[in-house]
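What follows is structure_16.txt (compact mmCIF, C-alpha atoms).
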```txt
# COMPACT_ATOMS: atom_id res chain seq x y z
CA MET A 1 -137.43 -134.37 -36.66
CA ILE A 2 -134.30 -132.26 -36.27
CA TRP A 3 -132.40 -135.33 -35.03
CA VAL A 4 -133.55 -137.29 -38.10
CA ALA A 5 -132.20 -134.56 -40.37
CA VAL A 6 -128.94 -134.33 -38.41
CA LEU A 7 -128.26 -138.08 -38.42
CA ALA A 8 -129.52 -138.94 -41.92
CA GLY A 9 -127.80 -135.89 -43.36
CA SER A 10 -124.53 -136.87 -41.68
CA LEU A 11 -124.78 -140.47 -42.84
CA GLY A 12 -125.27 -139.44 -46.47
CA THR A 13 -122.40 -136.96 -46.52
CA TYR A 14 -120.11 -139.58 -44.94
CA VAL A 15 -121.12 -142.19 -47.52
CA ALA A 16 -120.29 -139.69 -50.29
CA LYS A 17 -116.80 -139.28 -48.81
CA LEU A 18 -116.28 -143.02 -48.38
CA VAL A 19 -117.58 -144.00 -51.82
CA GLY A 20 -114.81 -141.93 -53.40
CA TYR A 21 -112.24 -144.25 -51.81
CA LEU A 22 -114.03 -147.37 -53.04
CA LEU A 23 -114.82 -146.44 -56.64
CA PRO A 24 -112.34 -147.05 -59.44
CA GLY A 25 -110.15 -144.03 -60.17
CA GLU A 26 -111.30 -143.82 -63.79
CA MET A 27 -114.49 -142.09 -62.58
CA LEU A 28 -112.34 -139.01 -62.15
CA SER A 29 -111.57 -138.86 -65.85
CA ARG A 30 -115.24 -138.60 -66.74
CA PRO A 31 -115.75 -134.89 -67.48
CA SER A 32 -119.47 -134.98 -66.67
CA VAL A 33 -118.77 -136.17 -63.11
CA ARG A 34 -116.24 -133.42 -62.45
CA ARG A 35 -118.42 -130.77 -64.08
CA ILE A 36 -121.55 -131.57 -62.09
CA THR A 37 -119.75 -131.74 -58.74
CA GLY A 38 -118.17 -128.36 -59.52
CA LEU A 39 -121.43 -126.70 -60.61
CA LEU A 40 -123.76 -128.08 -57.93
CA PRO A 41 -122.30 -126.10 -54.99
CA VAL A 42 -122.47 -122.87 -57.03
CA ALA A 43 -126.14 -123.29 -57.94
CA LEU A 44 -127.17 -124.45 -54.46
CA LEU A 45 -125.17 -121.87 -52.50
CA SER A 46 -126.42 -118.95 -54.62
CA ALA A 47 -129.98 -120.22 -54.23
CA LEU A 48 -129.44 -120.36 -50.47
CA VAL A 49 -128.07 -116.80 -50.46
CA ALA A 50 -131.13 -115.57 -52.37
CA VAL A 51 -133.72 -117.44 -50.31
CA GLN A 52 -132.15 -116.63 -46.94
CA THR A 53 -131.93 -112.96 -47.91
CA PHE A 54 -135.48 -112.46 -49.22
CA ALA A 55 -137.77 -115.25 -48.04
CA VAL A 56 -139.95 -115.37 -44.96
CA GLY A 57 -141.77 -118.65 -45.33
CA GLN A 58 -143.22 -118.46 -48.86
CA THR A 59 -143.26 -114.68 -49.19
CA LEU A 60 -140.46 -112.49 -50.48
CA VAL A 61 -139.66 -109.39 -48.44
CA ILE A 62 -136.97 -106.73 -48.34
CA ASP A 63 -135.71 -106.15 -44.83
CA ALA A 64 -132.53 -105.59 -42.83
CA ARG A 65 -131.08 -108.87 -44.12
CA LEU A 66 -130.56 -107.34 -47.57
CA ALA A 67 -128.50 -104.51 -46.07
CA GLY A 68 -126.52 -107.10 -44.13
CA VAL A 69 -125.77 -109.07 -47.29
CA ALA A 70 -124.79 -105.88 -49.14
CA ALA A 71 -122.34 -105.12 -46.35
CA ALA A 72 -121.03 -108.69 -46.64
CA VAL A 73 -120.34 -108.13 -50.36
CA VAL A 74 -118.26 -105.08 -49.47
CA ALA A 75 -116.36 -107.10 -46.86
CA LEU A 76 -115.70 -109.86 -49.41
CA LEU A 77 -114.46 -107.34 -51.97
CA LEU A 78 -112.05 -106.12 -49.27
CA ARG A 79 -110.93 -109.76 -48.84
CA ALA A 80 -112.13 -109.98 -45.26
CA PRO A 81 -111.98 -113.44 -43.63
CA PHE A 82 -115.13 -115.51 -43.23
CA LEU A 83 -115.87 -114.58 -39.62
CA VAL A 84 -115.55 -110.85 -40.37
CA VAL A 85 -117.90 -111.15 -43.36
CA VAL A 86 -120.55 -112.82 -41.22
CA LEU A 87 -120.08 -110.36 -38.34
CA VAL A 88 -120.34 -107.33 -40.65
CA ALA A 89 -123.65 -108.63 -42.01
CA ALA A 90 -125.05 -109.32 -38.55
CA ILE A 91 -123.96 -105.98 -37.09
CA THR A 92 -125.32 -104.03 -40.09
CA ALA A 93 -128.73 -105.67 -39.78
CA ALA A 94 -128.82 -105.30 -36.00
CA VAL A 95 -127.89 -101.59 -36.11
CA LEU A 96 -130.48 -100.79 -38.81
CA ARG A 97 -133.16 -102.48 -36.71
CA ALA A 98 -132.03 -100.82 -33.49
CA VAL A 99 -132.33 -97.34 -35.01
CA GLY A 100 -135.61 -98.24 -36.72
CA LEU A 101 -134.41 -97.92 -40.32
CA ALA A 102 -135.37 -101.49 -41.27
CA SER A 103 -137.48 -104.33 -40.02
CA MET B 1 -114.53 -125.95 -46.47
CA ARG B 2 -114.27 -123.50 -49.21
CA GLY B 3 -112.05 -122.56 -52.05
CA SER B 4 -110.36 -125.58 -53.48
CA GLY B 5 -113.11 -127.02 -55.65
CA ARG B 6 -111.70 -125.69 -58.88
CA ARG B 7 -108.16 -127.04 -58.57
CA LEU B 8 -108.74 -130.75 -58.89
CA PRO B 9 -107.00 -132.98 -59.48
CA HIS B 10 -103.32 -132.13 -59.37
CA PRO B 11 -101.69 -134.00 -62.24
CA ALA B 12 -98.36 -135.55 -61.41
CA GLY B 13 -96.74 -134.23 -64.60
CA TYR B 14 -97.22 -130.61 -63.59
CA GLY B 15 -93.61 -130.15 -62.43
CA PRO B 16 -92.23 -127.02 -64.04
CA PHE B 17 -95.38 -124.98 -63.46
CA VAL B 18 -95.68 -125.65 -59.75
CA PRO B 19 -94.65 -122.62 -57.67
CA ILE B 20 -91.09 -122.82 -56.39
CA LEU B 21 -92.18 -123.36 -52.78
CA ASP B 22 -93.80 -126.65 -53.68
CA MET B 23 -90.64 -127.84 -55.41
CA GLU B 24 -88.45 -127.59 -52.33
CA PRO B 25 -87.94 -130.69 -50.22
CA PRO B 26 -90.90 -131.04 -47.90
CA HIS B 27 -90.54 -129.46 -44.51
CA ARG B 28 -92.72 -131.44 -42.20
CA ARG B 29 -92.79 -128.69 -39.66
CA ARG B 30 -93.84 -126.03 -42.15
CA ILE B 31 -96.65 -128.26 -43.39
CA THR B 32 -97.73 -128.86 -39.81
CA SER B 33 -97.76 -125.17 -38.95
CA ASN B 34 -99.74 -124.36 -42.10
CA ALA B 35 -102.19 -127.06 -41.10
CA VAL B 36 -102.64 -125.52 -37.66
CA GLY B 37 -103.13 -122.09 -39.26
CA ILE B 38 -105.87 -123.44 -41.52
CA GLY B 39 -107.44 -125.14 -38.51
CA LEU B 40 -107.49 -121.86 -36.56
CA ALA B 41 -109.12 -120.01 -39.48
CA THR B 42 -111.86 -122.61 -39.91
CA GLY B 43 -112.30 -122.78 -36.13
CA ALA B 44 -113.08 -119.07 -36.19
CA TYR B 45 -115.80 -119.58 -38.70
CA ALA B 46 -117.12 -122.58 -36.83
CA LEU B 47 -118.02 -119.99 -34.18
CA SER B 48 -120.49 -118.48 -36.62
CA PHE B 49 -121.79 -121.92 -37.62
CA GLY B 50 -122.48 -122.77 -33.98
CA ALA B 51 -124.28 -119.48 -33.38
CA ILE B 52 -126.32 -119.67 -36.61
CA SER B 53 -127.30 -123.27 -35.94
CA VAL B 54 -128.71 -122.42 -32.52
CA ALA B 55 -130.43 -119.35 -33.97
CA SER B 56 -132.03 -121.69 -36.55
CA GLY B 57 -133.60 -123.80 -33.81
CA LEU B 58 -131.13 -126.64 -33.25
CA ASN B 59 -129.85 -127.24 -29.74
CA VAL B 60 -126.21 -127.39 -28.66
CA TRP B 61 -126.06 -131.21 -28.95
CA GLN B 62 -127.61 -131.37 -32.41
CA THR B 63 -125.23 -128.65 -33.54
CA GLN B 64 -122.21 -130.49 -32.13
CA THR B 65 -123.32 -133.78 -33.69
CA LEU B 66 -123.28 -132.10 -37.09
CA SER B 67 -119.73 -130.87 -36.62
CA LEU B 68 -118.58 -134.29 -35.37
CA LEU B 69 -120.41 -136.52 -37.86
CA MET B 70 -121.23 -134.44 -40.91
CA PHE B 71 -118.02 -132.37 -40.76
CA THR B 72 -118.36 -130.51 -44.03
CA GLY B 73 -119.14 -126.83 -43.65
CA ALA B 74 -121.36 -125.99 -46.60
CA SER B 75 -123.62 -129.00 -45.96
CA GLN B 76 -123.86 -128.10 -42.27
CA PHE B 77 -124.80 -124.48 -43.00
CA ALA B 78 -127.33 -125.65 -45.60
CA LEU B 79 -128.96 -128.20 -43.30
CA VAL B 80 -129.51 -125.71 -40.48
CA GLY B 81 -130.49 -122.97 -42.97
CA VAL B 82 -133.22 -125.07 -44.58
CA LEU B 83 -134.48 -126.35 -41.21
CA GLY B 84 -134.51 -122.82 -39.81
CA ALA B 85 -136.52 -121.58 -42.80
CA GLY B 86 -139.16 -124.25 -42.13
CA GLY B 87 -138.14 -126.41 -45.09
CA GLY B 88 -138.55 -129.72 -43.31
CA ALA B 89 -136.17 -132.62 -42.78
CA ILE B 90 -136.23 -134.13 -46.26
CA ALA B 91 -135.36 -130.94 -48.13
CA ALA B 92 -132.67 -130.20 -45.54
CA ILE B 93 -131.14 -133.67 -45.88
CA LEU B 94 -131.17 -133.62 -49.69
CA THR B 95 -129.58 -130.17 -49.86
CA ALA B 96 -126.83 -131.26 -47.46
CA TRP B 97 -126.19 -134.43 -49.49
CA LEU B 98 -125.96 -132.60 -52.80
CA LEU B 99 -123.53 -130.07 -51.34
CA GLY B 100 -121.48 -132.91 -49.86
CA ALA B 101 -121.18 -134.77 -53.16
CA ARG B 102 -118.00 -132.90 -54.05
CA ASN B 103 -116.20 -134.58 -51.15
CA GLY B 104 -116.64 -137.85 -53.02
CA LEU B 105 -114.77 -136.34 -55.93
CA TYR B 106 -111.99 -135.23 -53.55
CA ALA B 107 -111.82 -138.79 -52.19
CA LEU B 108 -111.48 -140.16 -55.71
CA SER B 109 -108.44 -137.99 -56.35
CA LEU B 110 -106.95 -138.64 -52.89
CA ALA B 111 -107.35 -142.43 -52.94
CA PRO B 112 -104.22 -143.17 -55.03
CA VAL B 113 -102.18 -140.70 -52.91
CA LEU B 114 -103.22 -141.91 -49.45
CA GLU B 115 -103.58 -145.64 -50.22
CA VAL B 116 -105.55 -146.21 -47.03
CA ARG B 117 -107.19 -149.48 -45.98
CA GLY B 118 -109.39 -150.66 -43.15
CA LEU B 119 -109.89 -148.31 -40.20
CA ARG B 120 -107.55 -145.70 -41.63
CA ARG B 121 -109.73 -145.53 -44.71
CA LEU B 122 -112.81 -144.88 -42.57
CA GLY B 123 -110.91 -142.10 -40.77
CA ALA B 124 -109.51 -140.63 -43.97
CA ALA B 125 -113.02 -140.50 -45.45
CA GLN B 126 -114.31 -138.41 -42.56
CA LEU B 127 -111.39 -135.96 -42.91
CA THR B 128 -111.88 -135.58 -46.68
CA ILE B 129 -112.94 -131.94 -47.02
CA ASP B 130 -111.93 -128.85 -49.00
CA GLU B 131 -108.98 -127.90 -46.79
CA SER B 132 -107.31 -131.29 -46.33
CA THR B 133 -107.70 -132.07 -50.05
CA ALA B 134 -106.25 -128.73 -51.09
CA MET B 135 -103.27 -129.13 -48.75
CA ALA B 136 -102.55 -132.71 -49.89
CA LEU B 137 -102.73 -131.80 -53.57
CA ALA B 138 -100.57 -128.70 -52.99
CA HIS B 139 -97.73 -130.96 -51.78
CA PRO B 140 -97.70 -133.68 -54.45
CA GLU B 141 -94.03 -134.69 -54.09
CA PRO B 142 -92.97 -136.83 -52.34
CA VAL B 143 -96.05 -138.80 -51.45
CA ALA B 144 -95.10 -138.71 -47.75
CA ALA B 145 -95.50 -134.93 -47.79
CA ALA B 146 -98.94 -135.17 -49.39
CA ARG B 147 -100.02 -137.70 -46.76
CA HIS B 148 -98.62 -135.61 -43.91
CA ALA B 149 -100.39 -132.52 -45.28
CA PHE B 150 -103.69 -134.40 -45.55
CA TRP B 151 -103.66 -135.89 -42.06
CA THR B 152 -102.35 -132.85 -40.16
CA THR B 153 -104.77 -130.49 -41.93
CA GLY B 154 -107.72 -132.84 -41.57
CA LEU B 155 -107.10 -133.45 -37.86
CA SER B 156 -106.34 -129.82 -37.07
CA VAL B 157 -109.51 -128.63 -38.82
CA PHE B 158 -111.57 -131.39 -37.17
CA VAL B 159 -110.45 -130.47 -33.65
CA LEU B 160 -110.68 -126.69 -34.04
CA TRP B 161 -113.92 -126.84 -36.06
CA ASN B 162 -115.54 -128.74 -33.20
CA ILE B 163 -114.16 -126.45 -30.50
CA GLY B 164 -115.34 -123.42 -32.47
CA THR B 165 -118.78 -124.95 -33.00
CA PHE B 166 -119.23 -125.56 -29.30
CA ALA B 167 -118.11 -122.05 -28.34
CA GLY B 168 -120.48 -120.51 -30.90
CA SER B 169 -123.51 -122.63 -30.10
CA PHE B 170 -123.05 -122.36 -26.34
CA GLY B 171 -122.62 -118.58 -26.62
CA ALA B 172 -125.73 -118.21 -28.79
CA SER B 173 -127.78 -120.45 -26.50
CA LEU B 174 -127.34 -117.81 -23.76
CA ILE B 175 -129.02 -115.16 -25.92
CA ASP B 176 -132.80 -114.73 -25.86
CA ASN B 177 -133.57 -113.35 -29.29
CA PRO B 178 -130.84 -114.06 -31.86
CA ALA B 179 -132.66 -112.11 -34.62
CA SER B 180 -132.11 -108.91 -32.64
CA LEU B 181 -128.38 -109.50 -33.11
CA GLY B 182 -128.79 -109.77 -36.87
CA LEU B 183 -128.04 -113.49 -36.94
CA ASP B 184 -130.71 -113.94 -39.63
CA ALA B 185 -128.57 -111.68 -41.84
CA ALA B 186 -125.46 -113.67 -40.93
CA ILE B 187 -126.94 -116.80 -42.55
CA PRO B 188 -127.07 -115.54 -46.18
CA ALA B 189 -123.73 -113.78 -45.61
CA GLY B 190 -122.22 -117.12 -44.60
CA PHE B 191 -123.52 -118.80 -47.75
CA LEU B 192 -122.22 -115.88 -49.80
CA ALA B 193 -118.75 -116.25 -48.30
CA LEU B 194 -118.79 -119.96 -49.21
CA LEU B 195 -119.97 -119.16 -52.74
CA TRP B 196 -117.55 -116.27 -53.38
CA PRO B 197 -114.31 -118.20 -54.06
CA ARG B 198 -116.16 -120.47 -56.51
CA LEU B 199 -117.18 -117.61 -58.81
CA VAL B 200 -114.05 -117.96 -60.89
CA ASP B 201 -115.42 -117.46 -64.41
CA ARG B 202 -118.48 -116.40 -66.40
CA THR B 203 -119.93 -119.90 -66.40
CA MET B 204 -119.95 -119.96 -62.59
CA TRP B 205 -121.49 -116.47 -62.42
CA ALA B 206 -124.19 -117.52 -64.89
CA VAL B 207 -124.97 -120.69 -62.95
CA ALA B 208 -125.09 -118.71 -59.70
CA ALA B 209 -127.44 -116.10 -61.19
CA ALA B 210 -129.69 -118.77 -62.66
CA GLY B 211 -129.74 -120.75 -59.40
CA ALA B 212 -130.72 -117.67 -57.37
CA THR B 213 -133.40 -116.66 -59.89
CA VAL B 214 -134.97 -120.12 -60.00
CA ALA B 215 -135.06 -120.29 -56.20
CA LEU B 216 -136.68 -116.84 -55.83
CA VAL B 217 -139.28 -117.44 -58.56
CA LEU B 218 -140.28 -120.74 -56.96
CA THR B 219 -140.33 -119.45 -53.36
CA PRO B 220 -144.01 -118.34 -53.41
CA LEU B 221 -145.04 -121.55 -55.21
CA LEU B 222 -143.29 -124.35 -53.31
CA ARG B 223 -142.72 -125.35 -49.71
CA PRO B 224 -139.60 -123.81 -48.14
CA GLY B 225 -136.53 -125.89 -48.96
CA LEU B 226 -137.79 -127.11 -52.34
CA PRO B 227 -136.83 -123.95 -54.29
CA VAL B 228 -133.19 -124.48 -53.30
CA LEU B 229 -133.29 -128.10 -54.44
CA ALA B 230 -134.86 -126.99 -57.72
CA ALA B 231 -131.87 -124.69 -58.21
CA GLY B 232 -129.73 -127.84 -58.17
CA LEU B 233 -131.39 -128.73 -61.49
CA VAL B 234 -129.77 -125.59 -62.91
CA ALA B 235 -126.39 -127.19 -62.29
CA LEU B 236 -127.47 -130.35 -64.12
CA ALA B 237 -128.85 -128.34 -67.05
CA ALA B 238 -125.69 -126.23 -67.25
CA SER B 239 -123.49 -129.31 -67.15
CA TRP B 240 -125.51 -130.89 -69.96
CA LEU B 241 -125.29 -127.70 -72.07
CA ILE B 242 -121.53 -127.40 -71.56
CA GLY B 243 -121.06 -131.08 -72.40
CA ARG B 244 -123.03 -130.71 -75.63
CA ARG B 245 -121.03 -127.68 -76.71
CA ALA B 246 -117.69 -129.39 -76.02
```
Structure rendered as structure tokens:
Amino acid sequence: MIWVAVLAGSLGTYVAKLVGYLLPGEMLSRPSVRRITGLLPVALLSALVAVQTFAVGQTLVIDARLAGVAAAVVALLLRAPFLVVVLVAAITAAVLRAVGLAS
Amino acid sequence: MRGSGRRLPHPAGYGPFVPILDMEPPHRRRITSNAVGIGLATGAYALSFGAISVASGLNVWQTQTLSLLMFTGASQFALVGVLGAGGGAIAAILTAWLLGARNGLYALSLAPVLEVRGLRRLGAAQLTIDESTAMALAHPEPVAAARHAFWTTGLSVFVLWNIGTFAGSFGASLIDNPASLGLDAAIPAGFLALLWPRLVDRTMWAVAAAGATVALVLTPLLRPGLPVLAAGLVALAASWLIGRRA
């Protein structure tokens, strides 16, 4: 099942890239097309942040992940590069668990 | 694979407002070295993608296939994130597709610049991502500079993204319990870092807040993966509202 997701997902994202080279350029002047492609990543990424921070299956919990994400916000405000942001979140969560302050 | 979404397309008549650096004659070597720099930066974050993917339950080969074939960061993170959360293949595929749709818009704006046909078009399509698009559109004149910027950035990111992915996934595959290293907290932090540069105005903040709220409210009610897709409807609703107001 993972392979199906990997291959079908890759095929679809490639088709999206290719279609842009085949469609007439006037599509670009349609404001609705530009607006939706700009807004979709924002809605989906913020939903992913929320779900991956709070969800375990279908329940919502507060655990060490929230502290990790809070630390990531601080790193982003300090303009840290991507890898540092991710590392700060991971280390924060790992340390809180190691000392028993969070699950 | 982040950042440039809000600066499309670059109109040709922009001349006087383009920063002075872009007005100088193109220096192939400077473009090339910038391209390598961007490749190194994305390669570093491919390390975290590789590690997170393995922590989400994919193996090293599946992870590498994503970086070779999908090759668009947000979609890759989303696919492994949804699979890791137990969301199932269909929700994972749809989320990755929706996040990858913006690359089609990049391709639309690059097509008249690159003028590629045949095999080169197939290759250009695969390299059409945030970074290569931003670099090409940042060097609009002459067209040779835009093309050089696109190809060098695309190839440099492709190579280093794949090397980084392998290093990250191989490293993580040696670890017994990735959650003990806080990798489950690294996943939302990665999405947040991808989201951050897109929060450029109040509309984007509002859409982000609404998307997160919808997903959390629906989490207890729907199978994992579906709440995130439902948040995509927020983008459609917001687009419709903005269009009506305009």
Q: Measure the distance from CA of Asp176 in chain B to CA of Leu66 in chain B in Å and round it to one decimal.
A: 22.8 Å
Q. Which polymer residues have any atom within 9 Å of an atom of Ala16 in chain A, counting only C-alpha atoms, with same-chain residues fewer than 3 positions away left out, as a PyMOL selection string?
A. (chain A and resi 11-13+19-20) or (chain B and resi 97+100-105+107+125)
Just write the chosen residues, C-alpha atoms, as a short mmCIF file (atom, residue, chain, number, x, y, z; two decimals), in the coordinates of the input.
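For reference, again-v1.cif as written:
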```cif
data_model
loop_
_atom_site.label_atom_id
_atom_site.label_comp_id
_atom_site.auth_asym_id
_atom_site.auth_seq_id
_atom_site.Cartn_x
_atom_site.Cartn_y
_atom_site.Cartn_z
CA LEU A 11 -124.78 -140.47 -42.84
CA GLY A 12 -125.27 -139.44 -46.47
CA THR A 13 -122.40 -136.96 -46.52
CA VAL A 19 -117.58 -144.00 -51.82
CA GLY A 20 -114.81 -141.93 -53.40
CA TRP B 97 -126.19 -134.43 -49.49
CA GLY B 100 -121.48 -132.91 -49.86
CA ALA B 101 -121.18 -134.77 -53.16
CA ARG B 102 -118.00 -132.90 -54.05
CA ASN B 103 -116.20 -134.58 -51.15
CA GLY B 104 -116.64 -137.85 -53.02
CA LEU B 105 -114.77 -136.34 -55.93
CA ALA B 107 -111.82 -138.79 -52.19
CA ALA B 125 -113.02 -140.50 -45.45
#
```
Q) Do you know which residues are at most 10 Å from range 188-197 of chain B counting all atoms listed in the file, after dropping those on the same chain fewer than 6 positions away, and could you put them as a PyMOL selection string? A) (chain A and resi 41-54+65-66+68-73+75-77+80-83+85-90) or (chain B and resi 1-6+45+48-49+52+73-74+77-78+81+204-205+208)
Q: Could you give me, as a PyMOL selection string, the residues within 12 Å of Leu22 in chain A, counting only C-alpha atoms and dropping anything in the same chain fewer than 3 positions from it?
A: (chain A and resi 15-19+25-27) or (chain B and resi 104-105+107-112+115-118+121-122+125)
Q. Could you state the separation of CA of Val113 in chain B and CA of Pro140 in chain B in Å, given to one decimal place?
A.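 CA of Pro140 in chain B lies 8.5 Å from CA of Val113 in chain B.
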**Q.** Å distance separating CA of Val36 in chain B from CA of Val157 in chain B, one decimal place
**A.**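 Separating CA of Val36 in chain B from CA of Val157 in chain B is a distance of 7.6 Å.
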Q | All residues 12 Å or closer to Val56 in chain A, all atoms listed in the file, same chain fewer than 6 positions away omitted, as number ranges by chain | A | A: 50, 62-63, 65; B: 82, 84-87, 184, 216, 219-220, 223-225
Selected residues written out with C-alpha atoms, as a PDB file, in the frame of the given file:
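Ended up saving to part04.pdb:
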```
ATOM      1  CA  ALA A  50    -131.130-115.570 -52.370  1.00  0.00           C
ATOM      2  CA  ILE A  62    -136.970-106.730 -48.340  1.00  0.00           C
ATOM      3  CA  ASP A  63    -135.710-106.150 -44.830  1.00  0.00           C
ATOM      4  CA  ARG A  65    -131.080-108.870 -44.120  1.00  0.00           C
TER       5      ARG A  65
ATOM      6  CA  VAL B  82    -133.220-125.070 -44.580  1.00  0.00           C
ATOM      7  CA  GLY B  84    -134.510-122.820 -39.810  1.00  0.00           C
ATOM      8  CA  ALA B  85    -136.520-121.580 -42.800  1.00  0.00           C
ATOM      9  CA  GLY B  86    -139.160-124.250 -42.130  1.00  0.00           C
ATOM     10  CA  GLY B  87    -138.140-126.410 -45.090  1.00  0.00           C
ATOM     11  CA  ASP B 184    -130.710-113.940 -39.630  1.00  0.00           C
ATOM     12  CA  LEU B 216    -136.680-116.840 -55.830  1.00  0.00           C
ATOM     13  CA  THR B 219    -140.330-119.450 -53.360  1.00  0.00           C
ATOM     14  CA  PRO B 220    -144.010-118.340 -53.410  1.00  0.00           C
ATOM     15  CA  ARG B 223    -142.720-125.350 -49.710  1.00  0.00           C
ATOM     16  CA  PRO B 224    -139.600-123.810 -48.140  1.00  0.00           C
ATOM     17  CA  GLY B 225    -136.530-125.890 -48.960  1.00  0.00           C
TER      18      GLY B 225
END
```
Q | Among listed residues B:Ala185, B:Ala145, B:Ala210, B:Val159, nearest Val234 in chain B (using all atoms listed in the file) | A |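 The closest residue to Val234 in chain B is B:Ala210.
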To box range 1-20 of chain A, take all atoms listed in the file, fit an axis-aligned box, add 4 Å on each side, and give centre and edge lengths in Å to one decimal, as JSON.
```
{"center_x": -126.1, "center_y": -138.1, "center_z": -44.2, "size_x": 30.6, "size_y": 19.7, "size_z": 26.4}
```
Q. Which one of A:Ala5, A:Val33, A:Leu78, A:Leu101 sits closest to Gly243 in chain B if you count only C-alpha atoms?
A.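 Of all the options, A:Val33 lies closest to Gly243 in chain B.
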**Q.** Nearest candidate to Leu79 in chain B (options A:Leu60, A:Val84, A:Leu7, A:Ile36; using only C-alpha atoms)
**A.**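 Nearest candidate to Leu79 in chain B out of A:Leu60, A:Val84, A:Leu7, A:Ile36: A:Leu7.
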Q: Considering all atoms listed in the file, return as a list in words whatever protein or nucleic-acid residues lie within 8 Å of Ser103 in chain A, sequence-local ones (same chain, fewer than 5 positions apart) excluded.
A: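 Selected residues are Asp63, Ala64, Leu96 and Arg97 of chain A.
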Q | Nearest to chain A by atom-to-atom distance, counting all atoms listed in the file, from B:Ala246, B:Ile163, B:Ala212, B:Val200 | A |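 Counting all atoms listed in the file, the residue closest to chain A is B:Ala212.
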Q.
Let me make sure I understand: among B:Tyr106, B:Ala235, B:Gly164, B:Ile31, which one has the smallest atom-to-atom distance to Leu28 in chain A if we use only C-alpha atoms?
A.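 Checking each of B:Tyr106, B:Ala235, B:Gly164, B:Ile31 against Leu28 in chain A, counting only C-alpha atoms, the winner is B:Tyr106.
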Q: Have a look at A:Val61, A:Ala67, A:Ala93, A:Ala98 and name the one nearest to chain B; count only C-alpha atoms.
A: A:Ala93
